[in-house]
$ cat protein_20.csv   # CSV, C-alpha atoms
chain,number,residue,atom,x,y,z
S,1,MET,CA,0.0,0.0,0.0
S,2,THR,CA,1.2,3.5,-0.9
S,3,ILE,CA,1.8,5.6,2.2
S,4,SER,CA,1.2,9.3,1.5
S,5,ARG,CA,3.5,11.6,3.5
S,6,HIS,CA,3.1,15.1,2.6
S,7,GLN,CA,2.1,18.7,3.0
S,8,ASP,CA,-0.1,19.6,0.0
S,9,GLU,CA,2.0,19.5,-3.1
S,10,ASP,CA,2.0,23.3,-3.5
S,11,GLY,CA,3.5,23.6,-0.1
S,12,GLN,CA,0.3,24.6,1.6
S,13,PRO,CA,-0.6,23.2,5.1
S,14,ALA,CA,-2.5,19.9,5.2
S,15,VAL,CA,-6.2,20.2,6.0
S,16,HIS,CA,-7.7,18.1,8.8
S,17,ARG,CA,-11.4,17.7,9.4
S,18,VAL,CA,-12.7,17.4,12.9
S,19,PRO,CA,-16.1,15.6,12.8
S,20,LEU,CA,-18.9,17.1,14.8
S,21,PRO,CA,-21.6,14.8,16.3
S,22,ARG,CA,-25.2,15.7,15.6
S,23,GLY,CA,-26.4,18.6,17.7
S,24,ALA,CA,-22.9,19.9,18.5
S,25,VAL,CA,-22.5,23.7,18.9
S,26,PRO,CA,-19.3,25.2,17.4
S,27,HIS,CA,-17.3,27.6,19.6
S,28,VAL,CA,-14.9,28.8,16.8
S,29,ARG,CA,-15.4,30.5,13.5
S,30,THR,CA,-13.6,30.7,10.2
S,31,GLY,CA,-10.1,32.3,10.7
S,32,SER,CA,-9.8,31.3,14.4
S,33,GLN,CA,-6.4,30.1,15.5
S,34,VAL,CA,-6.8,26.9,17.5
S,35,ARG,CA,-4.6,24.8,19.8
S,36,PRO,CA,-4.4,21.0,20.0
S,37,ASP,CA,-6.1,21.0,23.5
S,38,GLN,CA,-8.8,23.6,22.6
S,39,VAL,CA,-12.5,22.8,22.7
S,40,LEU,CA,-13.8,23.5,19.2
S,41,ALA,CA,-17.5,22.6,19.9
S,42,SER,CA,-19.7,21.0,22.6
S,43,ARG,CA,-22.6,18.7,22.6
S,44,ARG,CA,-25.2,17.7,25.2
S,45,GLU,CA,-26.8,14.2,25.1
S,46,VAL,CA,-30.5,14.3,24.4
S,47,GLY,CA,-32.5,13.0,27.4
S,48,ASP,CA,-36.2,12.4,28.1
S,49,PRO,CA,-39.1,14.6,27.0
S,50,VAL,CA,-41.0,16.4,29.7
S,51,ARG,CA,-44.3,18.4,29.7
S,52,ILE,CA,-44.6,21.7,31.7
S,53,SER,CA,-47.9,23.3,32.5
S,54,LEU,CA,-48.0,27.0,31.5
S,55,THR,CA,-51.6,27.7,32.3
S,56,ARG,CA,-51.5,27.3,36.1
S,57,PRO,CA,-48.3,29.4,36.7
S,58,LEU,CA,-49.5,32.2,34.4
S,59,ALA,CA,-53.2,32.0,35.4
S,60,ARG,CA,-54.3,32.0,31.8
S,61,HIS,CA,-56.5,29.9,29.6
S,62,PRO,CA,-54.6,27.6,27.1
S,63,PHE,CA,-55.6,29.6,24.1
S,64,GLU,CA,-54.1,32.8,25.6
S,65,ILE,CA,-50.7,31.3,26.2
S,66,SER,CA,-49.5,31.3,22.6
S,67,GLU,CA,-49.1,35.1,22.6
S,68,LEU,CA,-47.1,34.9,25.8
S,69,LEU,CA,-44.4,32.5,24.6
S,70,LEU,CA,-40.9,33.9,24.5
S,71,VAL,CA,-39.3,31.0,22.5
S,72,THR,CA,-40.0,29.2,19.3
S,73,PRO,CA,-39.9,25.5,18.4
S,74,GLY,CA,-36.4,24.2,18.2
S,75,ALA,CA,-34.9,26.8,20.6
S,76,ARG,CA,-32.2,25.7,23.0
S,77,LEU,CA,-32.9,26.7,26.6
S,78,ASP,CA,-30.5,27.4,29.5
S,79,PRO,CA,-31.5,26.6,33.1
S,80,ASP,CA,-34.0,29.1,34.4
S,81,GLN,CA,-34.5,30.7,31.0
S,82,PRO,CA,-38.0,32.2,30.7
S,83,ILE,CA,-40.3,30.2,28.4
S,84,ALA,CA,-43.4,32.4,28.7
S,85,ARG,CA,-44.2,35.6,30.6
S,86,GLY,CA,-47.7,37.0,31.5
S,87,PRO,CA,-48.7,40.7,31.5
S,88,ASP,CA,-48.4,40.7,35.3
S,89,GLY,CA,-44.7,39.6,35.1
S,90,ARG,CA,-45.3,35.9,36.0
S,91,GLU,CA,-43.0,33.6,34.3
S,92,VAL,CA,-42.4,29.9,33.5
S,93,ARG,CA,-38.8,29.0,33.4
S,94,SER,CA,-36.8,26.1,31.9
S,95,PRO,CA,-36.0,23.3,34.5
S,96,GLY,CA,-32.5,22.9,32.9
S,97,HIS,CA,-30.7,22.7,29.6
S,98,ALA,CA,-33.4,21.7,27.1
S,99,ILE,CA,-34.8,22.1,23.7
S,100,PHE,CA,-38.3,23.7,23.3
S,101,LEU,CA,-40.3,21.4,21.0
S,102,THR,CA,-43.9,22.7,21.0
S,103,TYR,CA,-46.9,24.2,22.9
S,104,SER,CA,-50.2,22.4,23.1
S,105,GLU,CA,-53.4,24.5,23.3
S,106,ALA,CA,-55.3,21.3,24.2
S,107,ASP,CA,-53.9,21.2,27.7
S,108,GLY,CA,-51.8,24.3,28.0
S,109,SER,CA,-48.4,22.6,28.3
S,110,ALA,CA,-45.0,23.0,26.8
S,111,LEU,CA,-43.1,20.0,25.5
S,112,LEU,CA,-39.4,20.1,26.2
S,113,VAL,CA,-36.6,17.6,25.7
S,114,LEU,CA,-34.0,17.7,28.5
S,115,LEU,CA,-30.3,17.8,27.6
S,116,GLY,CA,-27.6,15.9,29.5
S,117,ALA,CA,-24.1,17.0,30.6
S,118,GLU,CA,-22.0,18.9,28.1
S,119,SER,CA,-19.3,16.9,26.3
S,120,PRO,CA,-16.4,18.7,24.5
S,121,VAL,CA,-15.2,18.2,21.0
S,122,ILE,CA,-11.4,18.7,21.0
S,123,GLY,CA,-9.6,19.0,17.6
S,124,HIS,CA,-6.1,17.8,18.8
S,125,VAL,CA,-4.5,19.9,16.0
S,126,HIS,CA,-2.9,23.3,15.8
S,127,GLY,CA,-3.8,25.6,13.0
S,128,THR,CA,-6.3,28.0,11.4
S,129,VAL,CA,-10.0,27.2,11.0
S,130,LEU,CA,-10.9,27.1,7.3
S,131,GLN,CA,-14.6,26.1,7.5
S,132,VAL,CA,-17.3,25.4,10.0
S,133,THR,CA,-20.3,23.3,9.0
S,134,ARG,CA,-22.9,21.2,10.8
S,135,GLY,CA,-20.9,18.1,10.2
S,136,PHE,CA,-17.3,19.1,10.7
S,137,ILE,CA,-14.7,21.8,11.3
S,138,SER,CA,-11.8,21.9,8.9
S,139,VAL,CA,-8.4,23.2,10.1
S,140,ALA,CA,-5.3,24.1,8.1
S,141,VAL,CA,-2.4,22.4,9.9
S,142,PRO,CA,1.0,23.9,9.3
S,143,GLY,CA,3.4,20.9,9.2
S,144,ALA,CA,3.5,17.4,7.8
S,145,ARG,CA,0.7,14.8,7.5
S,146,LEU,CA,1.7,11.1,7.4
S,147,GLU,CA,-0.9,8.6,6.3
S,148,GLY,CA,-0.3,5.1,7.7
S,149,VAL,CA,-1.6,1.7,6.8
S,150,GLY,CA,-3.3,0.8,10.0
S,151,GLY,CA,-4.0,1.8,13.6
S,152,MET,CA,-6.4,1.8,16.4
S,153,GLY,CA,-7.6,4.1,19.2
S,154,ASP,CA,-8.4,7.7,19.9
S,155,ALA,CA,-7.4,11.2,18.7
S,156,VAL,CA,-4.5,12.4,20.9
S,157,HIS,CA,-1.7,14.9,20.8
S,158,GLY,CA,1.7,15.3,22.6
S,159,GLU,CA,5.4,15.9,22.2
S,160,LEU,CA,7.1,13.6,19.7
S,161,VAL,CA,9.7,11.4,21.3
S,162,VAL,CA,11.9,8.8,19.6
S,163,ALA,CA,12.1,5.8,22.0
S,164,VAL,CA,14.4,3.5,20.0
S,165,HIS,CA,17.9,3.8,18.6
S,166,THR,CA,17.4,2.4,15.1
S,167,HIS,CA,14.6,2.2,12.5
S,168,ASP,CA,14.4,-1.6,12.9
S,169,GLU,CA,14.6,-1.9,16.6
S,170,GLU,CA,11.7,-3.3,18.6
S,171,LEU,CA,10.1,-0.9,21.1
S,172,ARG,CA,10.3,-2.8,24.4
S,173,ALA,CA,8.4,-2.3,27.7
S,174,GLY,CA,11.6,-1.4,29.6
S,175,ALA,CA,12.1,1.7,27.4
S,176,ILE,CA,8.9,3.3,28.8
S,177,ASP,CA,8.7,5.0,32.1
S,178,VAL,CA,6.7,7.8,33.7
S,179,SER,CA,8.7,10.5,31.8
S,180,ALA,CA,6.8,9.3,28.7
S,181,ALA,CA,3.4,10.4,30.0
S,182,GLY,CA,1.6,12.6,27.6
S,183,LYS,CA,4.1,11.9,24.8
S,184,ILE,CA,3.8,10.3,21.4
S,185,LEU,CA,6.5,7.7,21.1
S,186,ILE,CA,8.2,6.6,17.9
S,187,GLY,CA,9.1,2.9,17.9
S,188,GLY,CA,10.8,0.8,15.2
S,189,SER,CA,9.9,-2.6,13.8
S,190,ARG,CA,7.2,-3.7,16.3
S,191,ALA,CA,5.9,-3.6,19.9
S,192,SER,CA,4.4,-6.4,22.0
S,193,ALA,CA,1.1,-6.4,23.8
S,194,GLU,CA,3.0,-6.0,27.0
S,195,THR,CA,4.7,-2.9,25.7
S,196,LEU,CA,1.5,-1.3,24.6
S,197,THR,CA,-0.2,-2.2,27.9
S,198,ARG,CA,2.7,-0.6,29.9
S,199,ALA,CA,2.7,2.5,27.7
S,200,ARG,CA,-1.0,3.1,28.3
S,201,ALA,CA,-0.5,2.5,32.1
S,202,MET,CA,2.3,5.0,32.1
S,203,GLY,CA,0.0,7.6,30.5
S,204,VAL,CA,1.6,7.6,27.0
S,205,ALA,CA,-0.6,9.4,24.5
S,206,GLY,CA,0.2,7.2,21.5
S,207,ILE,CA,2.8,5.1,19.7
S,208,VAL,CA,3.9,5.1,16.1
S,209,LEU,CA,5.4,1.9,14.7
S,210,GLY,CA,6.6,0.5,11.4
S,211,GLY,CA,4.4,-2.6,12.0
S,212,ILE,CA,3.0,-4.9,14.6
S,213,LEU,CA,2.1,-8.6,14.7
S,214,ASP,CA,-1.7,-9.2,14.4
S,215,LYS,CA,-1.6,-11.4,17.5
S,216,GLU,CA,0.0,-8.7,19.6
S,217,LEU,CA,-2.6,-6.2,18.5
S,218,ARG,CA,-5.5,-8.6,19.3
S,219,ASP,CA,-4.0,-9.4,22.7
S,220,PHE,CA,-3.7,-5.7,23.5
S,221,SER,CA,-7.3,-5.1,22.4
S,222,ALA,CA,-8.5,-7.9,24.6
S,223,ILE,CA,-6.7,-6.5,27.6
S,224,GLN,CA,-8.2,-3.0,27.0
S,225,ARG,CA,-11.7,-4.5,26.6
S,226,ARG,CA,-11.4,-6.3,30.0
S,227,ARG,CA,-10.2,-3.1,31.7
S,228,ARG,CA,-13.0,-1.1,30.3
S,229,GLU,CA,-15.5,-3.7,31.6
S,230,ILE,CA,-14.2,-3.3,35.1
S,231,GLY,CA,-13.9,0.4,34.9
S,232,GLY,CA,-10.1,0.5,35.3
S,233,MET,CA,-9.1,2.3,32.2
S,234,THR,CA,-8.9,6.1,31.8
S,235,GLY,CA,-7.4,8.5,29.3
S,236,ALA,CA,-7.0,8.3,25.5
S,237,PHE,CA,-4.5,6.2,23.6
S,238,ALA,CA,-3.7,5.6,20.0
S,239,VAL,CA,-1.4,3.3,17.8
S,240,VAL,CA,-0.6,4.0,14.2
S,241,LEU,CA,1.3,1.7,11.8
S,242,LEU,CA,3.2,3.5,9.0
S,243,GLU,CA,4.6,0.5,7.0
S,244,GLY,CA,2.5,-2.7,7.4
S,245,PHE,CA,1.3,-5.5,9.6
S,246,GLY,CA,3.9,-7.9,11.0
S,247,LYS,CA,7.5,-7.3,12.1
S,248,VAL,CA,8.0,-4.4,9.7
S,249,ALA,CA,10.7,-1.7,10.3
S,250,LEU,CA,10.2,2.0,9.7
S,251,ASP,CA,11.9,3.2,6.5
S,252,ALA,CA,15.4,4.4,7.5
S,253,GLN,CA,14.9,7.8,5.8
S,254,LEU,CA,11.5,8.4,7.5
S,255,PHE,CA,13.0,7.4,10.8
S,256,SER,CA,15.8,9.9,10.4
S,257,TRP,CA,13.2,12.5,9.5
S,258,LEU,CA,11.1,11.7,12.6
S,259,ARG,CA,14.2,11.8,14.8
S,260,ALA,CA,15.1,15.2,13.4
S,261,HIS,CA,11.7,16.5,14.5
S,262,ALA,CA,11.7,15.0,18.0
S,263,GLY,CA,10.4,17.6,20.5
S,264,ARG,CA,7.8,19.0,18.1
S,265,MET,CA,4.1,18.8,18.9
S,266,ALA,CA,2.4,15.9,17.1
S,267,SER,CA,-1.2,14.7,16.7
S,268,LEU,CA,-2.1,11.1,16.3
S,269,PHE,CA,-5.5,9.7,15.1
S,270,GLY,CA,-5.5,6.0,15.6
S,271,ASP,CA,-8.7,5.0,13.8
S,272,GLU,CA,-7.9,7.3,10.9
S,273,HIS,CA,-4.2,6.1,10.7
S,274,LEU,CA,-2.9,9.7,10.7
S,275,LEU,CA,0.1,11.4,12.2
S,276,TYR,CA,0.6,15.2,12.0
S,277,VAL,CA,3.9,16.7,13.0
S,278,HIS,CA,3.4,20.4,13.6
S,279,GLU,CA,5.7,23.1,12.1
S,280,ALA,CA,7.7,20.3,10.4
S,281,ALA,CA,9.6,20.3,7.2
S,282,SER,CA,8.4,18.1,4.3
S,283,PRO,CA,9.0,14.4,5.0
S,284,PRO,CA,10.4,11.9,2.5
S,285,LEU,CA,8.0,11.4,-0.4
S,286,ARG,CA,6.9,8.0,-1.7
S,287,THR,CA,6.4,7.2,-5.3
S,288,LEU,CA,5.6,4.0,-7.2
S,289,MET,CA,7.9,5.0,-10.1
S,290,ALA,CA,11.2,3.6,-8.7
S,291,GLU,CA,14.4,4.2,-10.7
S,292,ILE,CA,17.8,2.7,-10.5
S,293,GLY,CA,19.7,4.3,-7.7
S,294,ASP,CA,16.5,5.1,-5.7
S,295,ARG,CA,16.2,4.1,-2.1
S,296,VAL,CA,13.1,1.8,-2.0
S,297,VAL,CA,10.8,0.1,0.5
S,298,ILE,CA,9.5,-3.4,-0.2
S,299,HIS,CA,5.8,-4.1,0.3
S,300,ARG,CA,5.4,-7.9,-0.1
S,301,ARG,CA,6.8,-10.9,1.7
S,302,PRO,CA,9.3,-12.3,2.2
S,303,PHE,CA,11.0,-8.9,2.5
S,304,GLN,CA,8.0,-6.8,3.5
S,305,GLY,CA,9.0,-3.6,5.2
S,306,ARG,CA,12.7,-4.0,4.4
S,307,SER,CA,14.5,-1.2,2.6
S,308,GLY,CA,17.5,-0.9,0.3
S,309,VAL,CA,18.6,0.6,-3.0
S,310,LEU,CA,17.4,-0.4,-6.5
S,311,VAL,CA,20.6,-1.3,-8.3
S,312,GLY,CA,19.2,-2.8,-11.5
S,313,VAL,CA,16.3,-4.1,-13.5
S,314,LEU,CA,16.3,-7.6,-15.0
S,315,ASP,CA,15.9,-7.8,-18.8
S,316,ASP,CA,13.2,-10.4,-19.0
S,317,LEU,CA,9.9,-10.9,-17.2
S,318,HIS,CA,10.2,-13.1,-14.1
S,319,ASP,CA,7.5,-15.0,-12.3
S,320,THR,CA,6.3,-13.6,-9.0
S,321,PRO,CA,5.4,-15.9,-6.1
S,322,SER,CA,1.8,-15.8,-7.3
S,323,GLY,CA,3.0,-17.1,-10.7
S,324,ILE,CA,2.4,-13.8,-12.6
S,325,PRO,CA,5.3,-12.7,-14.8
S,326,ALA,CA,6.4,-9.2,-13.9
S,327,VAL,CA,9.2,-6.7,-14.5
S,328,THR,CA,11.7,-7.4,-11.7
S,329,GLY,CA,14.3,-5.2,-10.0
S,330,VAL,CA,17.3,-6.1,-8.0
S,331,VAL,CA,17.4,-4.5,-4.6
S,332,ARG,CA,20.5,-4.3,-2.4
S,333,LEU,CA,19.2,-4.7,1.1
S,334,GLU,CA,20.8,-2.9,4.1
S,335,ASP,CA,22.6,-6.1,5.1
S,336,GLY,CA,24.3,-6.2,1.6
S,337,ARG,CA,22.2,-9.1,0.2
S,338,LEU,CA,20.7,-8.8,-3.3
S,339,ALA,CA,17.0,-9.6,-3.7
S,340,PRO,CA,14.9,-9.8,-6.9
S,341,ILE,CA,11.7,-7.9,-6.3
S,342,PRO,CA,8.9,-7.1,-8.7
S,343,LEU,CA,8.8,-3.4,-9.4
S,344,VAL,CA,5.1,-3.2,-8.5
S,345,ASN,CA,6.1,-4.3,-5.0
S,346,LEU,CA,8.5,-1.3,-4.5
S,347,GLU,CA,8.0,2.3,-3.5
S,348,ALA,CA,10.8,4.8,-3.9
S,349,THR,CA,11.5,7.1,-1.0
S,350,ILE,CA,12.6,10.6,-2.2
S,351,ALA,CA,14.4,12.9,0.1
S,352,PRO,CA,12.6,16.2,0.8
S,353,SER,CA,15.2,18.3,-1.1
S,354,ARG,CA,14.1,16.5,-4.3
S,355,HIS,CA,10.5,17.4,-4.1
$ encode --input "protein_20.csv" --output "structure tokens"
Amino acid sequence: MTISRHQDEDGQPAVHRVPLPRGAVPHVRTGSQVRPDQVLASRREVGDPVRISLTRPLARHPFEISELLLVTPGARLDPDQPIARGPDGREVRSPGHAIFLTYSEADGSALLVLLGAESPVIGHVHGTVLQVTRGFISVAVPGARLEGVGGMGDAVHGELVVAVHTHDEELRAGAIDVSAAGKILIGGSRASAETLTRARAMGVAGIVLGGILDKELRDFSAIQRRRREIGGMTGAFAVVLLEGFGKVALDAQLFSWLRAHAGRMASLFGDEHLLYVHEAASPPLRTLMAEIGDRVVIHRRPFQGRSGVLVGVLDDLHDTPSGIPAVTGVVRLEDGRLAPIPLVNLEATIAPSRH
């Protein structure tokens, strides 16, 4: 799978959409500057409908109340906000946060739906608001956007920290302590379920890896599910895979780029497989058009996730493991070995200075 790692091609900031749940009320407008921890909108859960008599408190007949209403159907009400007021100053007020639905002349009552506690919508990105709609808020994010191939978890933000020494090193539980709380950790080739569990227990915001074994991810998910059931899990956490599933190392050029941007604010979106590095230079670009001399990443087994240099292209078509003839290149792996790889299974990594 191609991994897009870019600002917009014209150098403009990447655009991130923050989804808004139905009924959310935006607190920002176009042009607003926003922080990763800023509340962009809020929403209250819809509760039960209630009927409130207006005739008795106002001492009026039901047919007289319509002219005394101070709100219209669909209006949002604050606690103690007047709903209707009589000529003598008597009022009927809202019992809490609610939405006014309608007034019935049959029995002189107002129908309201109560609203629950307010829940915030946090964007987790830094930038400028471009658009506010009923369904989303779009934010221009100055920096780099990296699109991974998989992930899980919440939207989080934190300082970017490299937690391994090399691009193909496994992130181990012993490398994580309380100093990693609130940080986004860059790992290498994989992480175990034990490592992910320790990271969450230590308050780590998120982890970025080259890959992870399916079993480890399933085991970690099962642990989190059990903790949720007993109420022993708090805070948000995300994992994003940039290269593939399995023991797959980060591309060496990309790892160097991430290490150069350690200390920057980053935003991680596990379920969307996205990583933003704020105020960052352009990362290495990936392209399917590999040429001799390019540094490449391999995307099929048995060398999935390995990187090297394309040193040649064979003259004739050669059968792939699936039996389909294909144009095949020769890749010099980092350990010096030569491997024949179909060109369709390669992506070239281009240094930022070349794009």
$ residues_around --input "protein_20.csv" --residues "S:His273" --least-positions-apart "3" --cutoff "8 Å" --atoms "only C-alpha atoms" --output "count of residues only"
11
$ closest_residue --input "protein_20.csv" --among "S:Arg90, S:Arg60, S:Arg337, S:His124" --to "S:Gln38" --atoms "only C-alpha atoms"
S:His124
$ closest_residue --input "protein_20.csv" --among "S:Leu285, S:Val277, S:Val39, S:Ala106" --to "S:Glu118" --atoms "all atoms listed in the file"
S:Val39
$ residues_around --input "protein_20.csv" --residues "stretch 127-136 of chain S" --least-positions-apart "5" --cutoff "7 Å" --atoms "only C-alpha atoms" --output "list of chain:residue names"
S:Arg17, S:Val18, S:Pro19, S:Leu20, S:Pro21, S:Arg29, S:Thr30, S:Gly31, S:Ser32, S:Gln33, S:Val34, S:Arg35, S:Val141, S:Pro142
$ write_last_selection --input "protein_20.csv" --atoms "C-alpha atoms" --output "mmCIF file, keeping the file's coordinate frame"
data_model
loop_
_atom_site.group_PDB
_atom_site.id
_atom_site.type_symbol
_atom_site.label_atom_id
_atom_site.label_comp_id
_atom_site.auth_asym_id
_atom_site.auth_seq_id
_atom_site.Cartn_x
_atom_site.Cartn_y
_atom_site.Cartn_z
ATOM 1 C CA ARG S 17 -11.400 17.700 9.400
ATOM 2 C CA VAL S 18 -12.700 17.400 12.900
ATOM 3 C CA PRO S 19 -16.100 15.600 12.800
ATOM 4 C CA LEU S 20 -18.900 17.100 14.800
ATOM 5 C CA PRO S 21 -21.600 14.800 16.300
ATOM 6 C CA ARG S 29 -15.400 30.500 13.500
ATOM 7 C CA THR S 30 -13.600 30.700 10.200
ATOM 8 C CA GLY S 31 -10.100 32.300 10.700
ATOM 9 C CA SER S 32 -9.800 31.300 14.400
ATOM 10 C CA GLN S 33 -6.400 30.100 15.500
ATOM 11 C CA VAL S 34 -6.800 26.900 17.500
ATOM 12 C CA ARG S 35 -4.600 24.800 19.800
ATOM 13 C CA VAL S 141 -2.400 22.400 9.900
ATOM 14 C CA PRO S 142 1.000 23.900 9.300
#
$ atom_distance --input "protein_20.csv" --atom1 "atom CA of S:Ser189" --atom2 "atom CA of S:Phe237"
19.5 Å
$ closest_residue --input "protein_20.csv" --among "S:His157, S:Gly174, S:Arg44, S:Leu310" --to "S:Val113" --atoms "all atoms listed in the file"
S:Arg44
$ atom_distance --input "protein_20.csv" --atom1 "atom CA of S:Pro49" --atom2 "atom CA of S:Ala110"
10.3 Å
$ atom_distance --input "protein_20.csv" --atom1 "atom CA of S:Leu112" --atom2 "atom CA of S:Pro95"
9.5 Å
$ residues_around --input "protein_20.csv" --residues "S:His167" --least-positions-apart "6" --cutoff "6 Å" --atoms "all atoms listed in the file" --output "ChimeraX atom specification"
/S:188,249-250,252,255
$ closest_residue --input "protein_20.csv" --among "S:Arg76, S:Arg85, S:Arg300, S:Ile122" --to "S:Pro26" --atoms "only C-alpha atoms"
S:Ile122
$ closest_residue --input "protein_20.csv" --among "S:Ser42, S:Ser282, S:Gln224, S:Thr197" --to "S:Ser119" --atoms "all atoms listed in the file"
S:Ser42
$ residues_near_point --input "protein_20.csv" --point "(-46.4, 31.8, 30.2)" --cutoff "12 Å" --atoms "only C-alpha atoms" --output "VMD selection string"
chain S and resid 52 to 71 81 to 94 103 108 to 110
$ closest_residue --input "protein_20.csv" --among "S:Val309, S:Ala236, S:Ala175, S:Leu146" --to "S:Val208" --atoms "all atoms listed in the file"
S:Leu146
$ decode --input "protein_20.csv" --residues "stretch 32-77 of chain S" --atoms "C-alpha atoms" --output "compact mmCIF listing (two decimals), in the first residue's frame"
# COMPACT_ATOMS: atom_id res chain seq x y z
CA SER S 32 -9.84 31.31 14.37
CA GLN S 33 -6.42 30.11 15.53
CA VAL S 34 -6.79 26.88 17.48
CA ARG S 35 -4.56 24.81 19.79
CA PRO S 36 -4.43 21.01 20.02
CA ASP S 37 -6.11 21.03 23.46
CA GLN S 38 -8.77 23.60 22.57
CA VAL S 39 -12.49 22.81 22.74
CA LEU S 40 -13.83 23.50 19.24
CA ALA S 41 -17.45 22.59 19.92
CA SER S 42 -19.66 21.03 22.58
CA ARG S 43 -22.64 18.74 22.63
CA ARG S 44 -25.22 17.66 25.16
CA GLU S 45 -26.81 14.22 25.09
CA VAL S 46 -30.55 14.26 24.38
CA GLY S 47 -32.54 13.04 27.36
CA ASP S 48 -36.19 12.39 28.09
CA PRO S 49 -39.10 14.62 26.99
CA VAL S 50 -41.04 16.44 29.69
CA ARG S 51 -44.27 18.43 29.74
CA ILE S 52 -44.55 21.65 31.73
CA SER S 53 -47.87 23.32 32.47
CA LEU S 54 -48.01 26.97 31.47
CA THR S 55 -51.63 27.72 32.28
CA ARG S 56 -51.53 27.34 36.06
CA PRO S 57 -48.33 29.38 36.74
CA LEU S 58 -49.51 32.17 34.40
CA ALA S 59 -53.19 31.95 35.42
CA ARG S 60 -54.31 32.04 31.81
CA HIS S 61 -56.48 29.89 29.55
CA PRO S 62 -54.59 27.59 27.15
CA PHE S 63 -55.64 29.59 24.07
CA GLU S 64 -54.10 32.75 25.60
CA ILE S 65 -50.66 31.28 26.17
CA SER S 66 -49.47 31.29 22.55
CA GLU S 67 -49.10 35.06 22.60
CA LEU S 68 -47.09 34.90 25.84
CA LEU S 69 -44.40 32.48 24.59
CA LEU S 70 -40.86 33.88 24.51
CA VAL S 71 -39.33 31.01 22.51
CA THR S 72 -40.03 29.21 19.26
CA PRO S 73 -39.94 25.48 18.43
CA GLY S 74 -36.36 24.21 18.23
CA ALA S 75 -34.94 26.85 20.59
CA ARG S 76 -32.19 25.72 23.00
CA LEU S 77 -32.91 26.72 26.57
